[in-house]
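Q: Just passing along the structure, written as structure tokens.
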Amino acid sequence: MAKENQFVEQIADINADFPQWYTDVVLKTKLVDYGPVKGTMVIRPYGYAIWENIQKELNVRFAAQGVQNAYFPLLIPMSYFTKEAEHVEGFAPEVAVVTHAGGEELTEPLAIRPTSETIIGTMMAKWIQSYRDLPMKVNQWCNVMRWEKTTRPFLRTSEFLWHEGHTAHVTAEEAEEFTLAMLNLYKEFMENCLAIPVLTGRKTEKERFAGAVATYTMEAMMRDGKSLQSGTSHYLGQNFAKAFNIEFQGTEGSLQTAYTTSFGVSTRLIGAIIMTHGDERGLVFPPVVAPIQCVIVPIAARKGGVMEKCEELKAELEKAGVRVTLDATDNSPGWKFNEWEMKGVPVRIELGPRDIEAGKMLCARRDTLEKVEMPLENAADGVKALLADVQKNMLEAAKKRRDERIVYADDMQGILAGVDAGNFVKAGWCGCRACEDKIKEQTGATARVYAEGESAETCAVCGKKAEHVIVYARAY
RNA sequence: UGAGGCGUAGCGCAGCUUGGUAGCGCGUUUGGUUAGGGACCAAAAGGUCGUGGGUUCAAGUCCCGUCGCCUCAACCA
């Protein structure tokens, strides 16, 4: 029992102190470390592998939508930002600027990109002349920098990795349609790859991206009931196209202005995975993006034939495309069980002399902590089926946890009580900014997303006729 | 930027009230015994106590400054 407590002390209690649990778990599992500059993080191999898996999954989906990868420069002339009034106002406070280079002061300061609409808009203006050049769909995987006041690994760092897709279209309808197509692409990816259910829909004016006509979001519920904006897709209308002169000749010869979109998800998604699925033992990774999908723990490893059999099994699983590791360290089996559970590996195989003799292996799944015996024969098939079931079960479990915590309220008291209890709260809204501000002021909750297709009688704040239903939650 | 907390070995901490030889646990290294839920024995390595100044015969400890980190609020993916 004393030993048990010793283990528990390694990470904070997830229920008692969620923020501390989060910090403990990301550091102790070696996903990330702090960089020397405040707000920066080092993404360590175990964490970066998740990002690479996310990239792989998204790239396939982008390609299917005709989006091509490219790369644009890190440094953007400051003057580009001033071309779109709302955009510059929204980002000015958090832009880092290079003023000196080569030992001299620059004639024009250079912004380190906080996002690339301005430079990509400039380049698109150069590349687009005819309706035949449209639609143009590019994406880049890159880092961006936003000088944030307070930071947390993955969730909010000064520098972070993301992808940003940018498209230009002939008509508003086509651009809007594409904006929603990307939102749906994200939703499918979140559910099938990360096992994270999301609420999708439009943001209120207040929460809209600086310079967009409409911002669509996906909101995920974390273990503590708070919401995490996990990705956005923006319909930019002609705001940027006009500012950067993205113009083309149409079929009938007249000069027209394009309609543009942008969309992105970031390394914040790694934080979302951790805070959606994690438990008192540590991380729980969905198999599709898990850096290691299966770990083999040899039991009584020095006994004859055990390591050989483990190596054999490892080779078989590798051949079948399973990301597998054999833990050949000298640590005790119990130590390894706890370690790999903390690291969130979806399936663990325990293989000892007794199993080998019986032609079996013991498989422990991380999501439910159940152990099942499986035949060693055709082990890869069994493991792959188990991984698939873990993936499916994780989404279902997360969806169930979330749905139990979506409640309705019809006044301010109800919203406050709801978010205090760690819920998403749906409530009627008249549509005015004053009521939206008042909710934030009095409850700390913000309007996360419109609950589309739902209706309510009255606004929870002013009691006037409700025009919309809003999902309110406290957010990261 | 406001409020609180913390900087002592790789990690977690004690020591500070009342100044007097730098400590504990974990980890690491070496050798051995172990092995189905964080094993054990023995030996060893590892510190300008965040940093600058002051008080003192003497500062991890007292005083002043400064830097950094964490949590909570405001801003944000």
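In the structure tokens, chains take letters A, B, ... by order of appearance, with residues numbered from 1 within each chain and ligands from 1 in the order shown.
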Could you list the residues in chain B lying within 6 Å of chain A, using only C-alpha atoms (C1' of nucleotides), and format the result as a list in words?

A: A35, G37 and G38 of chain B

Q: Would you mind exporting N, CA and C atoms (P, O5', C5', C4', C3', O3' and C1' of nucleotides) of the selected residues as a PDB file, in the first residue's frame?

A:
ATOM      1  P     A B  35      12.232 -14.249  -8.492  1.00  0.00           P
ATOM      2  O5'   A B  35      11.410 -13.106  -9.223  1.00  0.00           O
ATOM      3  C5'   A B  35      10.621 -12.192  -8.456  1.00  0.00           C
ATOM      4  C4'   A B  35      10.135 -11.075  -9.359  1.00  0.00           C
ATOM      5  C3'   A B  35       9.223 -11.554 -10.475  1.00  0.00           C
ATOM      6  O3'   A B  35       8.353 -10.493 -10.838  1.00  0.00           O
ATOM      7  C1'   A B  35      11.149 -10.610 -11.401  1.00  0.00           C
ATOM      8  P     G B  37       2.056  -8.621 -10.043  1.00  0.00           P
ATOM      9  O5'   G B  37       2.671  -7.319 -10.775  1.00  0.00           O
ATOM     10  C5'   G B  37       3.739  -6.592 -10.192  1.00  0.00           C
ATOM     11  C4'   G B  37       3.262  -5.219  -9.757  1.00  0.00           C
ATOM     12  C3'   G B  37       2.291  -5.222  -8.569  1.00  0.00           C
ATOM     13  O3'   G B  37       2.464  -4.002  -7.834  1.00  0.00           O
ATOM     14  C1'   G B  37       1.238  -4.263 -10.418  1.00  0.00           C
ATOM     15  P     G B  38       3.790  -3.872  -6.871  1.00  0.00           P
ATOM     16  O5'   G B  38       4.834  -3.191  -7.864  1.00  0.00           O
ATOM     17  C5'   G B  38       4.642  -1.853  -8.234  1.00  0.00           C
ATOM     18  C4'   G B  38       5.963  -1.280  -8.689  1.00  0.00           C
ATOM     19  C3'   G B  38       6.922  -0.936  -7.552  1.00  0.00           C
ATOM     20  O3'   G B  38       8.209  -1.109  -8.082  1.00  0.00           O
ATOM     21  C1'   G B  38       6.489   0.984  -8.821  1.00  0.00           C
TER      22        G B  38
END

Q: Near C41 (chain B), counting only C-alpha atoms (C1' of nucleotides), which residues have an atom at most 12 Å away, once you skip same-chain residues fewer than 3 positions from it, shown as a ChimeraX atom specification?

A: /B:31-34

Q: In region 193-364 of chain A, what's helix (DSSP H, G or I) per DSSP? Answer as a ChimeraX atom specification?

A: /A:205-207,239-243,268-277,306-319,333-342,353-358

Q: Out of region 13-173 of chain A, which residues get strand (DSSP E) from DSSP, as number ranges by chain?

A: A: 32-34, 41-43, 68-69, 75-77, 97-101, 104-112, 136-145, 159-169

Q: Store the residues of this selection in a file with C-alpha atoms, as an mmCIF file, in the first residue's frame.

A:
data_model
loop_
_atom_site.group_PDB
_atom_site.id
_atom_site.type_symbol
_atom_site.label_atom_id
_atom_site.label_comp_id
_atom_site.auth_asym_id
_atom_site.auth_seq_id
_atom_site.Cartn_x
_atom_site.Cartn_y
_atom_site.Cartn_z
ATOM 1 C CA VAL A 32 7.510 18.575 -23.512
ATOM 2 C CA ASP A 33 9.954 20.708 -21.555
ATOM 3 C CA TYR A 34 10.161 24.425 -20.955
ATOM 4 C CA MET A 41 8.369 24.950 -25.154
ATOM 5 C CA VAL A 42 10.581 22.185 -26.373
ATOM 6 C CA ILE A 43 8.455 19.478 -27.916
ATOM 7 C CA GLN A 68 -1.506 21.788 -51.704
ATOM 8 C CA ASN A 69 1.282 22.274 -49.191
ATOM 9 C CA LEU A 75 9.163 37.438 -41.480
ATOM 10 C CA ILE A 76 6.450 39.738 -42.744
ATOM 11 C CA PRO A 77 6.937 43.480 -43.430
ATOM 12 C CA VAL A 97 8.889 42.483 -34.167
ATOM 13 C CA VAL A 98 12.434 42.246 -35.487
ATOM 14 C CA THR A 99 13.984 45.712 -35.517
ATOM 15 C CA HIS A 100 17.663 44.878 -35.891
ATOM 16 C CA ALA A 101 19.560 42.555 -38.178
ATOM 17 C CA GLU A 104 21.966 47.562 -37.997
ATOM 18 C CA GLU A 105 18.508 48.902 -37.410
ATOM 19 C CA LEU A 106 16.158 47.882 -40.211
ATOM 20 C CA THR A 107 14.480 50.570 -42.290
ATOM 21 C CA GLU A 108 11.202 48.668 -41.987
ATOM 22 C CA PRO A 109 10.532 46.523 -38.930
ATOM 23 C CA LEU A 110 9.632 42.900 -39.655
ATOM 24 C CA ALA A 111 6.882 41.050 -37.871
ATOM 25 C CA ILE A 112 7.394 37.452 -36.856
ATOM 26 C CA MET A 136 -6.480 28.399 -55.258
ATOM 27 C CA LYS A 137 -5.910 26.253 -52.177
ATOM 28 C CA VAL A 138 -2.629 26.282 -50.268
ATOM 29 C CA ASN A 139 -1.600 25.136 -46.839
ATOM 30 C CA GLN A 140 1.537 25.524 -44.789
ATOM 31 C CA TRP A 141 2.836 23.696 -41.744
ATOM 32 C CA CYS A 142 4.842 26.190 -39.752
ATOM 33 C CA ASN A 143 5.479 27.936 -36.476
ATOM 34 C CA VAL A 144 3.821 31.186 -35.479
ATOM 35 C CA MET A 145 4.477 33.541 -32.622
ATOM 36 C CA GLU A 159 5.554 30.090 -30.248
ATOM 37 C CA PHE A 160 3.506 27.176 -31.464
ATOM 38 C CA LEU A 161 3.277 24.875 -34.447
ATOM 39 C CA TRP A 162 0.208 24.751 -36.586
ATOM 40 C CA HIS A 163 -1.011 24.465 -40.112
ATOM 41 C CA GLU A 164 -2.803 27.282 -41.846
ATOM 42 C CA GLY A 165 -4.799 26.682 -44.972
ATOM 43 C CA HIS A 166 -5.663 29.595 -47.249
ATOM 44 C CA THR A 167 -7.960 29.547 -50.237
ATOM 45 C CA ALA A 168 -9.315 31.979 -52.810
ATOM 46 C CA HIS A 169 -12.556 31.484 -54.741
#

Q: Using only C-alpha atoms (C1' of nucleotides), can you tell me which of B:G36, B:A74, B:G20, B:A42 comes closest to C57 (chain B)?

A: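 Once distances to C57 (chain B) are computed over only C-alpha atoms (C1' of nucleotides), the minimum belongs to B:G20.
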
Q: Any idea what the distance is between CA of Lys226 (chain A) and CA of Asn53 (chain A)?

A: 25.7 Å

Q: So that I can check the surroundings of Val372 (chain A), please list as an MDAnalysis selection string every protein, DNA and RNA residue that reaches within 10 Å of it, counting only C-alpha atoms (C1' of nucleotides) and ignoring chain neighbours fewer than 5 positions away.

A: chainID A and resid 349 361:365 386

Q: Output C-alpha atoms for every residue in the selection just made, as a compact mmCIF listing (two decimals), in the first residue's frame.

A:
# COMPACT_ATOMS: atom_id res chain seq x y z
CA ILE A 349 1.28 -6.98 -23.77
CA MET A 361 -0.29 -13.33 -24.27
CA LEU A 362 -1.92 -11.03 -21.75
CA CYS A 363 -3.14 -7.77 -23.26
CA ALA A 364 -4.01 -4.81 -21.04
CA ARG A 365 -5.91 -1.94 -22.61
CA LEU A 386 -7.95 -4.45 -29.88

Q: So the first atom is CA of Leu27 (chain A) and the second is CA of Arg405 (chain A); what is the distance between them in Å, to one decimal place?

A: 29.1 Å

Q: Rounded to one decimal in Å, what is the spacing between CA of Ile11 (chain A) and CA of Gly271 (chain A)?

A: 16.6 Å

Q: Considering only C-alpha atoms, can you say which of A:Thr118, A:Ser130, A:Asn15, A:Asn239 comes closest to Thr260 (chain A)?

A: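 Closest to Thr260 (chain A), using only C-alpha atoms: A:Asn239.
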
Q: I want to know what sits within 9 Å of Phe240 (chain A), based on only C-alpha atoms (C1' of nucleotides), with residues of the same chain fewer than 6 positions away left out; could you give that as a list in words?

A: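 The filter keeps Lys83, Glu84, Glu117, Thr118, Gly121, Gly211, Ala212, Ile246, Tyr259 and Thr260 of chain A.
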
Q: Got time to write the residues from that selection, N, CA and C atoms, as a compact mmCIF listing (two decimals), in the first residue's frame?

A:
# COMPACT_ATOMS: atom_id res chain seq x y z
N LYS A 83 -2.69 46.88 -43.68
CA LYS A 83 -3.60 46.95 -44.83
C LYS A 83 -5.02 46.51 -44.49
N GLU A 84 -5.15 45.64 -43.51
CA GLU A 84 -6.51 45.23 -43.12
C GLU A 84 -6.71 45.75 -41.70
N GLU A 117 -2.17 35.44 -43.17
CA GLU A 117 -3.12 35.97 -44.15
C GLU A 117 -2.51 37.06 -45.01
N THR A 118 -1.72 37.93 -44.37
CA THR A 118 -1.22 39.11 -45.08
C THR A 118 -0.21 38.73 -46.16
N GLY A 121 -1.94 36.50 -48.77
CA GLY A 121 -2.80 37.36 -49.60
C GLY A 121 -1.99 38.10 -50.64
N GLY A 211 -10.70 40.30 -38.73
CA GLY A 211 -10.64 40.45 -40.17
C GLY A 211 -11.55 39.49 -40.92
N ALA A 212 -12.16 38.56 -40.21
CA ALA A 212 -13.04 37.59 -40.86
C ALA A 212 -14.46 38.12 -40.96
N ILE A 246 -6.50 40.88 -54.45
CA ILE A 246 -6.60 39.58 -55.09
C ILE A 246 -7.74 39.68 -56.10
N TYR A 259 -12.89 35.85 -53.21
CA TYR A 259 -13.36 35.61 -51.83
C TYR A 259 -12.41 34.61 -51.21
N THR A 260 -11.99 34.87 -49.99
CA THR A 260 -10.97 33.99 -49.40
C THR A 260 -11.42 33.35 -48.09

Q: Nearest to G50 (chain B): which of B:A9, B:C62, B:A3, B:C67 is it, counting only C-alpha atoms (C1' of nucleotides)?

A: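 Residue with the minimum atom-to-atom distance to G50 (chain B): B:C67.
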